[in-house]
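Q: I'm passing along work_25.cif; it holds mmCIF, C-alpha atoms and all ligand atoms.
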data_model
loop_
_atom_site.group_PDB
_atom_site.id
_atom_site.type_symbol
_atom_site.label_atom_id
_atom_site.label_comp_id
_atom_site.auth_asym_id
_atom_site.auth_seq_id
_atom_site.Cartn_x
_atom_site.Cartn_y
_atom_site.Cartn_z
ATOM 1 C CA MET A 35 -9.899 -22.813 13.976
ATOM 2 C CA PRO A 36 -7.793 -25.344 12.043
ATOM 3 C CA GLU A 37 -5.897 -23.915 9.115
ATOM 4 C CA ARG A 38 -7.432 -24.733 5.753
ATOM 5 C CA PRO A 39 -5.010 -26.246 3.230
ATOM 6 C CA TYR A 40 -4.110 -23.954 0.362
ATOM 7 C CA VAL A 41 -1.709 -23.397 -2.485
ATOM 8 C CA ILE A 42 -0.496 -20.104 -3.894
ATOM 9 C CA ASP A 43 -0.680 -19.467 -7.632
ATOM 10 C CA THR A 44 1.336 -16.650 -9.193
ATOM 11 C CA LEU A 45 -0.793 -13.650 -10.109
ATOM 12 C CA ILE A 46 1.980 -11.101 -10.809
ATOM 13 C CA SER A 47 5.571 -12.286 -11.228
ATOM 14 C CA ALA A 48 8.578 -10.685 -9.546
ATOM 15 C CA LYS A 49 9.801 -9.649 -12.987
ATOM 16 C CA SER A 50 6.526 -7.869 -13.846
ATOM 17 C CA ILE A 51 6.558 -6.097 -10.488
ATOM 18 C CA ALA A 52 10.137 -4.906 -11.022
ATOM 19 C CA ALA A 53 9.327 -3.613 -14.527
ATOM 20 C CA ARG A 54 6.255 -1.750 -13.282
ATOM 21 C CA ILE A 55 8.141 -0.196 -10.367
ATOM 22 C CA GLU A 56 10.743 1.085 -12.775
ATOM 23 C CA GLU A 57 7.965 2.879 -14.707
ATOM 24 C CA LEU A 58 6.374 4.208 -11.534
ATOM 25 C CA GLY A 59 9.758 5.416 -10.349
ATOM 26 C CA ARG A 60 10.095 7.484 -13.518
ATOM 27 C CA ASP A 61 6.669 9.090 -12.975
ATOM 28 C CA ILE A 62 7.469 9.911 -9.374
ATOM 29 C CA ARG A 63 10.880 11.317 -10.196
ATOM 30 C CA THR A 64 9.176 13.625 -12.682
ATOM 31 C CA GLU A 65 6.470 14.657 -10.211
ATOM 32 C CA PHE A 66 8.959 15.482 -7.467
ATOM 33 C CA ALA A 67 11.907 16.565 -9.626
ATOM 34 C CA ASP A 68 12.053 20.077 -8.220
ATOM 35 C CA THR A 69 11.879 19.291 -4.557
ATOM 36 C CA ASP A 70 14.433 18.551 -1.903
ATOM 37 C CA LYS A 71 11.811 18.050 0.784
ATOM 38 C CA LEU A 72 10.183 14.762 -0.139
ATOM 39 C CA ILE A 73 9.116 12.327 2.573
ATOM 40 C CA VAL A 74 8.033 8.895 1.430
ATOM 41 C CA VAL A 75 5.593 7.435 3.950
ATOM 42 C CA GLY A 76 5.053 3.686 4.001
ATOM 43 C CA LEU A 77 1.903 2.271 5.570
ATOM 44 C CA LEU A 78 2.895 -0.671 7.732
ATOM 45 C CA ARG A 79 3.081 -3.455 7.496
ATOM 46 C CA GLY A 80 2.091 -4.449 3.990
ATOM 47 C CA SER A 81 4.021 -1.747 2.116
ATOM 48 C CA PHE A 82 7.490 -2.563 3.481
ATOM 49 C CA VAL A 83 8.665 -4.495 0.407
ATOM 50 C CA PHE A 84 7.124 -2.114 -2.128
ATOM 51 C CA ILE A 85 8.542 1.013 -0.481
ATOM 52 C CA ALA A 86 12.006 -0.575 -0.320
ATOM 53 C CA ASP A 87 12.016 -1.231 -4.058
ATOM 54 C CA LEU A 88 10.292 2.032 -4.955
ATOM 55 C CA VAL A 89 12.650 4.392 -3.106
ATOM 56 C CA ARG A 90 15.614 2.723 -4.796
ATOM 57 C CA GLU A 91 14.150 3.881 -8.124
ATOM 58 C CA LEU A 92 14.097 7.490 -6.909
ATOM 59 C CA ASP A 93 17.225 9.359 -7.687
ATOM 60 C CA LEU A 94 16.108 12.209 -5.433
ATOM 61 C CA PRO A 95 16.872 13.442 -1.934
ATOM 62 C CA VAL A 96 14.249 11.521 0.007
ATOM 63 C CA GLU A 97 13.412 10.822 3.616
ATOM 64 C CA VAL A 98 11.505 7.711 4.620
ATOM 65 C CA ASP A 99 8.994 7.449 7.423
ATOM 66 C CA PHE A 100 6.330 4.927 8.425
ATOM 67 C CA LEU A 101 2.828 4.976 9.763
ATOM 68 C CA GLU A 102 0.738 2.045 10.906
ATOM 69 C CA ALA A 103 -3.012 2.112 10.659
ATOM 70 C CA SER A 104 -5.451 -0.614 11.450
ATOM 71 C CA SER A 105 -9.080 -0.773 10.524
ATOM 72 C CA TYR A 106 -11.713 -2.434 12.595
ATOM 73 C CA GLY A 107 -15.095 -3.485 11.312
ATOM 74 C CA ASP A 108 -18.001 -3.698 13.700
ATOM 75 C CA GLY A 109 -19.994 -5.952 11.444
ATOM 76 C CA MET A 110 -21.082 -3.027 9.298
ATOM 77 C CA GLU A 111 -18.414 -2.506 6.666
ATOM 78 C CA THR A 112 -19.453 1.080 6.022
ATOM 79 C CA SER A 113 -18.793 2.170 9.590
ATOM 80 C CA ARG A 114 -15.188 0.970 9.601
ATOM 81 C CA GLU A 115 -12.987 2.717 12.118
ATOM 82 C CA VAL A 116 -9.351 3.345 11.254
ATOM 83 C CA ARG A 117 -6.928 3.731 14.138
ATOM 84 C CA ILE A 118 -3.353 4.934 14.040
ATOM 85 C CA LEU A 119 -1.174 2.367 15.822
ATOM 86 C CA LYS A 120 2.143 4.026 14.999
ATOM 87 C CA ASP A 121 2.447 7.646 13.940
ATOM 88 C CA LEU A 122 5.139 9.323 11.845
ATOM 89 C CA ARG A 123 8.392 10.209 13.558
ATOM 90 C CA GLY A 124 8.658 13.580 11.860
ATOM 91 C CA ALA A 125 6.488 16.613 11.083
ATOM 92 C CA ILE A 126 5.255 17.005 7.499
ATOM 93 C CA GLU A 127 4.053 20.610 7.474
ATOM 94 C CA GLY A 128 5.344 22.311 4.339
ATOM 95 C CA ARG A 129 6.897 19.066 3.083
ATOM 96 C CA ASP A 130 6.120 17.025 -0.021
ATOM 97 C CA VAL A 131 4.664 13.666 0.952
ATOM 98 C CA LEU A 132 4.219 10.460 -0.999
ATOM 99 C CA VAL A 133 2.051 7.871 0.771
ATOM 100 C CA VAL A 134 2.857 4.291 -0.216
ATOM 101 C CA GLU A 135 0.216 1.560 0.130
ATOM 102 C CA ASP A 136 0.472 -2.084 -0.845
ATOM 103 C CA ILE A 137 -3.200 -2.456 -1.705
ATOM 104 C CA VAL A 138 -6.349 -0.344 -1.792
ATOM 105 C CA ASP A 139 -9.361 -2.491 -1.075
ATOM 106 C CA THR A 140 -12.410 -0.785 0.472
ATOM 107 C CA GLY A 141 -10.397 2.457 0.536
ATOM 108 C CA PHE A 142 -11.034 3.198 4.221
ATOM 109 C CA THR A 143 -7.358 3.086 5.188
ATOM 110 C CA LEU A 144 -6.099 5.340 2.411
ATOM 111 C CA ALA A 145 -8.995 7.794 2.856
ATOM 112 C CA HIS A 146 -8.386 8.078 6.590
ATOM 113 C CA VAL A 147 -4.613 8.418 6.296
ATOM 114 C CA THR A 148 -4.910 10.988 3.506
ATOM 115 C CA ARG A 149 -7.337 13.071 5.561
ATOM 116 C CA LEU A 150 -5.111 12.873 8.614
ATOM 117 C CA LEU A 151 -1.937 13.842 6.778
ATOM 118 C CA LEU A 152 -3.631 16.687 4.880
ATOM 119 C CA SER A 153 -4.688 18.157 8.233
ATOM 120 C CA ARG A 154 -0.966 18.518 8.985
ATOM 121 C CA LYS A 155 -0.610 20.895 6.040
ATOM 122 C CA PRO A 156 1.982 19.298 3.752
ATOM 123 C CA ALA A 157 2.964 21.373 0.723
ATOM 124 C CA LYS A 158 1.939 18.489 -1.531
ATOM 125 C CA LEU A 159 0.502 15.046 -0.880
ATOM 126 C CA ARG A 160 0.382 12.225 -3.417
ATOM 127 C CA THR A 161 -0.478 8.554 -3.052
ATOM 128 C CA ILE A 162 0.702 5.379 -4.710
ATOM 129 C CA ALA A 163 -0.574 1.817 -4.344
ATOM 130 C CA LEU A 164 0.983 -1.276 -5.843
ATOM 131 C CA LEU A 165 -2.389 -3.006 -6.140
ATOM 132 C CA ASP A 166 -5.903 -1.706 -6.572
ATOM 133 C CA LYS A 167 -9.089 -3.724 -6.190
ATOM 134 C CA PRO A 168 -11.688 -1.260 -7.501
ATOM 135 C CA SER A 169 -14.496 -3.815 -7.299
ATOM 136 C CA ARG A 170 -14.226 -3.764 -3.476
ATOM 137 C CA ARG A 171 -14.315 0.017 -3.086
ATOM 138 C CA GLU A 172 -16.633 1.537 -0.487
ATOM 139 C CA VAL A 173 -15.013 4.960 -0.190
ATOM 140 C CA ASP A 174 -14.615 7.167 -3.241
ATOM 141 C CA ILE A 175 -10.826 7.317 -3.401
ATOM 142 C CA ARG A 176 -8.124 6.334 -5.867
ATOM 143 C CA ALA A 177 -4.357 6.453 -5.483
ATOM 144 C CA ASP A 178 -2.568 8.895 -7.801
ATOM 145 C CA TRP A 179 -0.472 6.007 -9.150
ATOM 146 C CA ILE A 180 -1.399 2.357 -9.261
ATOM 147 C CA GLY A 181 0.880 -0.528 -10.088
ATOM 148 C CA PHE A 182 -1.727 -3.075 -11.060
ATOM 149 C CA GLU A 183 -5.492 -3.204 -11.030
ATOM 150 C CA ILE A 184 -6.556 -6.666 -9.901
ATOM 151 C CA PRO A 185 -9.824 -8.595 -9.576
ATOM 152 C CA ASP A 186 -11.247 -9.486 -6.172
ATOM 153 C CA GLU A 187 -8.776 -12.281 -5.432
ATOM 154 C CA PHE A 188 -7.251 -13.249 -2.096
ATOM 155 C CA VAL A 189 -3.699 -12.012 -2.715
ATOM 156 C CA VAL A 190 -0.486 -12.576 -0.767
ATOM 157 C CA GLY A 191 3.218 -11.947 -1.117
ATOM 158 C CA TYR A 192 5.485 -8.991 -1.783
ATOM 159 C CA GLY A 193 4.601 -7.644 1.678
ATOM 160 C CA ILE A 194 0.996 -8.821 1.831
ATOM 161 C CA ASP A 195 0.095 -11.500 4.349
ATOM 162 C CA PHE A 196 -2.324 -14.312 4.916
ATOM 163 C CA ALA A 197 -2.601 -14.687 8.702
ATOM 164 C CA GLN A 198 0.790 -12.882 8.980
ATOM 165 C CA ARG A 199 2.533 -15.389 6.684
ATOM 166 C CA ASN A 200 3.733 -15.153 3.081
ATOM 167 C CA ARG A 201 4.812 -11.493 3.221
ATOM 168 C CA ASN A 202 8.262 -12.660 2.095
ATOM 169 C CA LEU A 203 7.167 -14.115 -1.242
ATOM 170 C CA PRO A 204 8.941 -12.180 -4.033
ATOM 171 C CA PHE A 205 5.807 -12.195 -6.223
ATOM 172 C CA ILE A 206 2.088 -11.514 -5.809
ATOM 173 C CA GLY A 207 0.201 -14.758 -5.511
ATOM 174 C CA LYS A 208 -3.396 -15.697 -5.076
ATOM 175 C CA VAL A 209 -4.534 -18.139 -2.454
ATOM 176 C CA ARG A 210 -6.457 -21.182 -3.637
ATOM 177 C CA PHE A 211 -7.972 -23.380 -0.979
ATOM 178 C CA THR A 212 -7.579 -27.027 -1.849
ATOM 179 C CA ASP A 213 -10.347 -28.388 0.359
ATOM 180 C CA ALA A 214 -13.102 -26.543 -1.451
HETATM 181 C C1 LIG A 301 -4.285 -3.909 4.523
HETATM 182 C C2 LIG A 301 -3.455 -3.245 3.448
HETATM 183 C C3 LIG A 301 -3.976 -1.845 3.400
HETATM 184 C C4 LIG A 301 -5.418 -1.995 3.836
HETATM 185 C C5 LIG A 301 -6.313 -1.885 2.645
HETATM 186 O O1 LIG A 301 -3.670 -3.665 5.736
HETATM 187 O O2 LIG A 301 -2.092 -3.294 3.762
HETATM 188 O O3 LIG A 301 -3.294 -1.005 4.297
HETATM 189 O O4 LIG A 301 -5.554 -3.288 4.445
HETATM 190 O O5 LIG A 301 -7.641 -2.111 3.008
HETATM 191 P P1 LIG A 301 -8.793 -1.040 2.857
HETATM 192 O O6 LIG A 301 -8.640 -0.337 1.543
HETATM 193 O O7 LIG A 301 -10.039 -1.921 2.890
HETATM 194 O O8 LIG A 301 -8.734 -0.115 4.033
HETATM 195 P P2 LIG A 301 -3.893 -4.561 7.038
HETATM 196 O O9 LIG A 301 -4.882 -3.875 7.938
HETATM 197 O O10 LIG A 301 -4.224 -5.973 6.644
HETATM 198 O O11 LIG A 301 -2.502 -4.488 7.754
HETATM 199 P P3 LIG A 301 -1.019 -4.902 7.262
HETATM 200 O O12 LIG A 301 -0.613 -3.911 6.190
HETATM 201 O O13 LIG A 301 -0.229 -4.777 8.503
HETATM 202 O O14 LIG A 301 -1.077 -6.313 6.732
#
Go ahead and express the file in the form of structure tokens.
Ligand code: PRP

A:
Amino acid sequence: MPERPYVIDTLISAKSIAARIEELGRDIRTEFADTDKLIVVGLLRGSFVFIADLVRELDLPVEVDFLEASSYGDGMETSREVRILKDLRGAIEGRDVLVVEDIVDTGFTLAHVTRLLLSRKPAKLRTIALLDKPSRREVDIRADWIGFEIPDEFVVGYGIDFAQRNRNLPFIGKVRFTDA
């Protein structure tokens, strides 16, 4: 299929993202102030930029691990299957875990990952998402911390791709097709 021409308009600037992450970092430092067993788990691939900036706001002893999940629709959105493509390197039993998502859309990914990690008996599990699109939700789930609530726009940048491109943009943009 030929690529449709598009431009990217800024939705959230790099400066706004940095300011919000500073606030979120404060909240998370408070939540995990008393622990020396925190593991921050990034969901690949979209969260790689967010987790890099977020952990640098945490003046805490923290370990970092990654998990990759992929969801497959079969035409019926509500029967979405989430598969683990890459599991954590380490065990999380008895540990404090913070799951880091770039965006919560339908909620299937976060719901599945949360359920899976809870079955491994962490001492505490919390979730954070940079972006939340509540209007798209199909599973009743919300991250414990959210950077920005956004409308149902086609977003890219700051880790989020469009056909695997644009993850390296330092801001969150929205795609606007110019042939429409
Ligand atoms: C995207 C995003 C979230 C998930 C959110 O990942 O990074 O993980 O979808 O969607 P949901 O709430 O509807 O489940 P994607 O599968 O595109 O992989 P990527 O992170 O590697 O880009």

Q: For Lys208 in chain A, list every protein, DNA or RNA residue within 12 Å, evaluated using all atoms listed in the file, and leave out those in the same chain fewer than 4 positions away; present the list as a compact mmCIF listing (two decimals) with C-alpha atoms, in the coordinates of the input.

A:
# COMPACT_ATOMS: atom_id res chain seq x y z
CA TYR A 40 -4.11 -23.95 0.36
CA VAL A 41 -1.71 -23.40 -2.48
CA ILE A 42 -0.50 -20.10 -3.89
CA ASP A 43 -0.68 -19.47 -7.63
CA THR A 44 1.34 -16.65 -9.19
CA LEU A 45 -0.79 -13.65 -10.11
CA ILE A 46 1.98 -11.10 -10.81
CA SER A 47 5.57 -12.29 -11.23
CA ILE A 184 -6.56 -6.67 -9.90
CA PRO A 185 -9.82 -8.60 -9.58
CA ASP A 186 -11.25 -9.49 -6.17
CA GLU A 187 -8.78 -12.28 -5.43
CA PHE A 188 -7.25 -13.25 -2.10
CA VAL A 189 -3.70 -12.01 -2.72
CA VAL A 190 -0.49 -12.58 -0.77
CA GLY A 191 3.22 -11.95 -1.12
CA TYR A 192 5.48 -8.99 -1.78
CA ILE A 194 1.00 -8.82 1.83
CA ASP A 195 0.10 -11.50 4.35
CA PHE A 196 -2.32 -14.31 4.92
CA ASN A 200 3.73 -15.15 3.08
CA LEU A 203 7.17 -14.12 -1.24

Q: Taking only C-alpha atoms and all ligand atoms into account, report as a list of chain:residue names which residues have an atom no farther than 6 Å from an atom of ligand LIG 301 (chain A).

A: A:Leu78, A:Arg79, A:Gly80, A:Ser104, A:Ser105, A:Asp136, A:Ile137, A:Val138, A:Asp139, A:Thr140, A:Gly141, A:Phe142, A:Thr143, A:Ile194, A:Asp195

Q: Identify which of the residues A:Lys49, A:Arg154, A:Arg201, A:Arg176 lies closest to Phe82 in chain A, counting only C-alpha atoms when measuring atom-to-atom distances.

A: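 Ranking A:Lys49, A:Arg154, A:Arg201, A:Arg176 by distance to Phe82 in chain A, first place goes to A:Arg201.
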
Q: CA of Lys120 in chain A and CA of Ile73 in chain A are how many Å apart?

A: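 We find that CA of Lys120 in chain A and CA of Ile73 in chain A lie 16.5 Å from each other.
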
Q: Within 10 Å of range 159-170 of chain A, counting all atoms listed in the file, which residues show up once you throw out same-chain ones fewer than 3 positions away? Write them as an mmCIF file with C-alpha atoms, in the coordinates of the input, please.

A:
data_model
loop_
_atom_site.group_PDB
_atom_site.id
_atom_site.type_symbol
_atom_site.label_atom_id
_atom_site.label_comp_id
_atom_site.auth_asym_id
_atom_site.auth_seq_id
_atom_site.Cartn_x
_atom_site.Cartn_y
_atom_site.Cartn_z
ATOM 1 C CA ILE A 51 6.558 -6.097 -10.488
ATOM 2 C CA ARG A 54 6.255 -1.750 -13.282
ATOM 3 C CA ILE A 55 8.141 -0.196 -10.367
ATOM 4 C CA LEU A 58 6.374 4.208 -11.534
ATOM 5 C CA ILE A 62 7.469 9.911 -9.374
ATOM 6 C CA GLU A 65 6.470 14.657 -10.211
ATOM 7 C CA LEU A 72 10.183 14.762 -0.139
ATOM 8 C CA ILE A 73 9.116 12.327 2.573
ATOM 9 C CA VAL A 74 8.033 8.895 1.430
ATOM 10 C CA VAL A 75 5.593 7.435 3.950
ATOM 11 C CA GLY A 76 5.053 3.686 4.001
ATOM 12 C CA SER A 81 4.021 -1.747 2.116
ATOM 13 C CA PHE A 84 7.124 -2.114 -2.128
ATOM 14 C CA ILE A 85 8.542 1.013 -0.481
ATOM 15 C CA LEU A 88 10.292 2.032 -4.955
ATOM 16 C CA ILE A 126 5.255 17.005 7.499
ATOM 17 C CA ARG A 129 6.897 19.066 3.083
ATOM 18 C CA ASP A 130 6.120 17.025 -0.021
ATOM 19 C CA VAL A 131 4.664 13.666 0.952
ATOM 20 C CA LEU A 132 4.219 10.460 -0.999
ATOM 21 C CA VAL A 133 2.051 7.871 0.771
ATOM 22 C CA VAL A 134 2.857 4.291 -0.216
ATOM 23 C CA GLU A 135 0.216 1.560 0.130
ATOM 24 C CA ASP A 136 0.472 -2.084 -0.845
ATOM 25 C CA ILE A 137 -3.200 -2.456 -1.705
ATOM 26 C CA VAL A 138 -6.349 -0.344 -1.792
ATOM 27 C CA ASP A 139 -9.361 -2.491 -1.075
ATOM 28 C CA THR A 140 -12.410 -0.785 0.472
ATOM 29 C CA GLY A 141 -10.397 2.457 0.536
ATOM 30 C CA LEU A 144 -6.099 5.340 2.411
ATOM 31 C CA THR A 148 -4.910 10.988 3.506
ATOM 32 C CA LEU A 151 -1.937 13.842 6.778
ATOM 33 C CA LEU A 152 -3.631 16.687 4.880
ATOM 34 C CA LYS A 155 -0.610 20.895 6.040
ATOM 35 C CA PRO A 156 1.982 19.298 3.752
ATOM 36 C CA VAL A 173 -15.013 4.960 -0.190
ATOM 37 C CA ASP A 174 -14.615 7.167 -3.241
ATOM 38 C CA ILE A 175 -10.826 7.317 -3.401
ATOM 39 C CA ARG A 176 -8.124 6.334 -5.867
ATOM 40 C CA ALA A 177 -4.357 6.453 -5.483
ATOM 41 C CA ASP A 178 -2.568 8.895 -7.801
ATOM 42 C CA TRP A 179 -0.472 6.007 -9.150
ATOM 43 C CA ILE A 180 -1.399 2.357 -9.261
ATOM 44 C CA GLY A 181 0.880 -0.528 -10.088
ATOM 45 C CA PHE A 182 -1.727 -3.075 -11.060
ATOM 46 C CA GLU A 183 -5.492 -3.204 -11.030
ATOM 47 C CA ILE A 184 -6.556 -6.666 -9.901
ATOM 48 C CA PRO A 185 -9.824 -8.595 -9.576
ATOM 49 C CA ASP A 186 -11.247 -9.486 -6.172
ATOM 50 C CA GLU A 187 -8.776 -12.281 -5.432
ATOM 51 C CA VAL A 189 -3.699 -12.012 -2.715
ATOM 52 C CA TYR A 192 5.485 -8.991 -1.783
ATOM 53 C CA ILE A 206 2.088 -11.514 -5.809
#

Q: Write out as an mmCIF file with C-alpha atoms, keeping the file's coordinate frame which residues come within 8 Å of Leu94 in chain A when counting all atoms listed in the file, dropping same-chain ones fewer than 4 positions away.

A:
data_model
loop_
_atom_site.group_PDB
_atom_site.id
_atom_site.type_symbol
_atom_site.label_atom_id
_atom_site.label_comp_id
_atom_site.auth_asym_id
_atom_site.auth_seq_id
_atom_site.Cartn_x
_atom_site.Cartn_y
_atom_site.Cartn_z
ATOM 1 C CA ARG A 63 10.880 11.317 -10.196
ATOM 2 C CA ALA A 67 11.907 16.565 -9.626
ATOM 3 C CA ASP A 70 14.433 18.551 -1.903
#

Q: Find the distance between CA of Ser50 in chain A and CA of Arg199 in chain A and write it in Å to one decimal.

A: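 Separation between CA of Ser50 in chain A and CA of Arg199 in chain A: 22.2 Å.
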
Q: Pull out every residue that the PyMOL selection byres (((chain A and resi 213) around 12) and not hetatm) matches in the shown coordinates and put them as an MDAnalysis selection string.

A: chainID A and resid 37:41 210:212 214

Q: Between A:Leu92, A:Ala157, A:Ala125, A:Ala145, which residue has the minimum interatomic distance to Arg60 in chain A, considering only C-alpha atoms?

A: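 Smallest separation from Arg60 in chain A among the options: A:Leu92.
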
Q: Rank A:Arg114, A:Arg90, A:Lys158, A:His146 by their smallest atom-to-atom distance to Glu102 in chain A, using all atoms listed in the file, and report the top residue only.

A: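 Looking only at the distances to Glu102 in chain A, the closest residue turns out to be A:His146.
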
Q: In terms of the shortest atom-to-atom distance over only C-alpha atoms, which of A:Glu56, A:Asp68, A:Glu127, A:Glu115 is closest to Val89 in chain A?

A: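 For Val89 in chain A, the nearest of the given residues is A:Glu56.
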
Q: For CA of Leu101 in chain A and CA of Arg149 in chain A, determine how far apart the two atoms are, in Å to one decimal place.

A: 13.7 Å

Q: Pick the closest to Leu77 in chain A from A:Ala48, A:Leu150, A:Ala103, A:Val116: which is it, counting all atoms listed in the file?

A: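 For Leu77 in chain A, the nearest of the candidates is A:Ala103.
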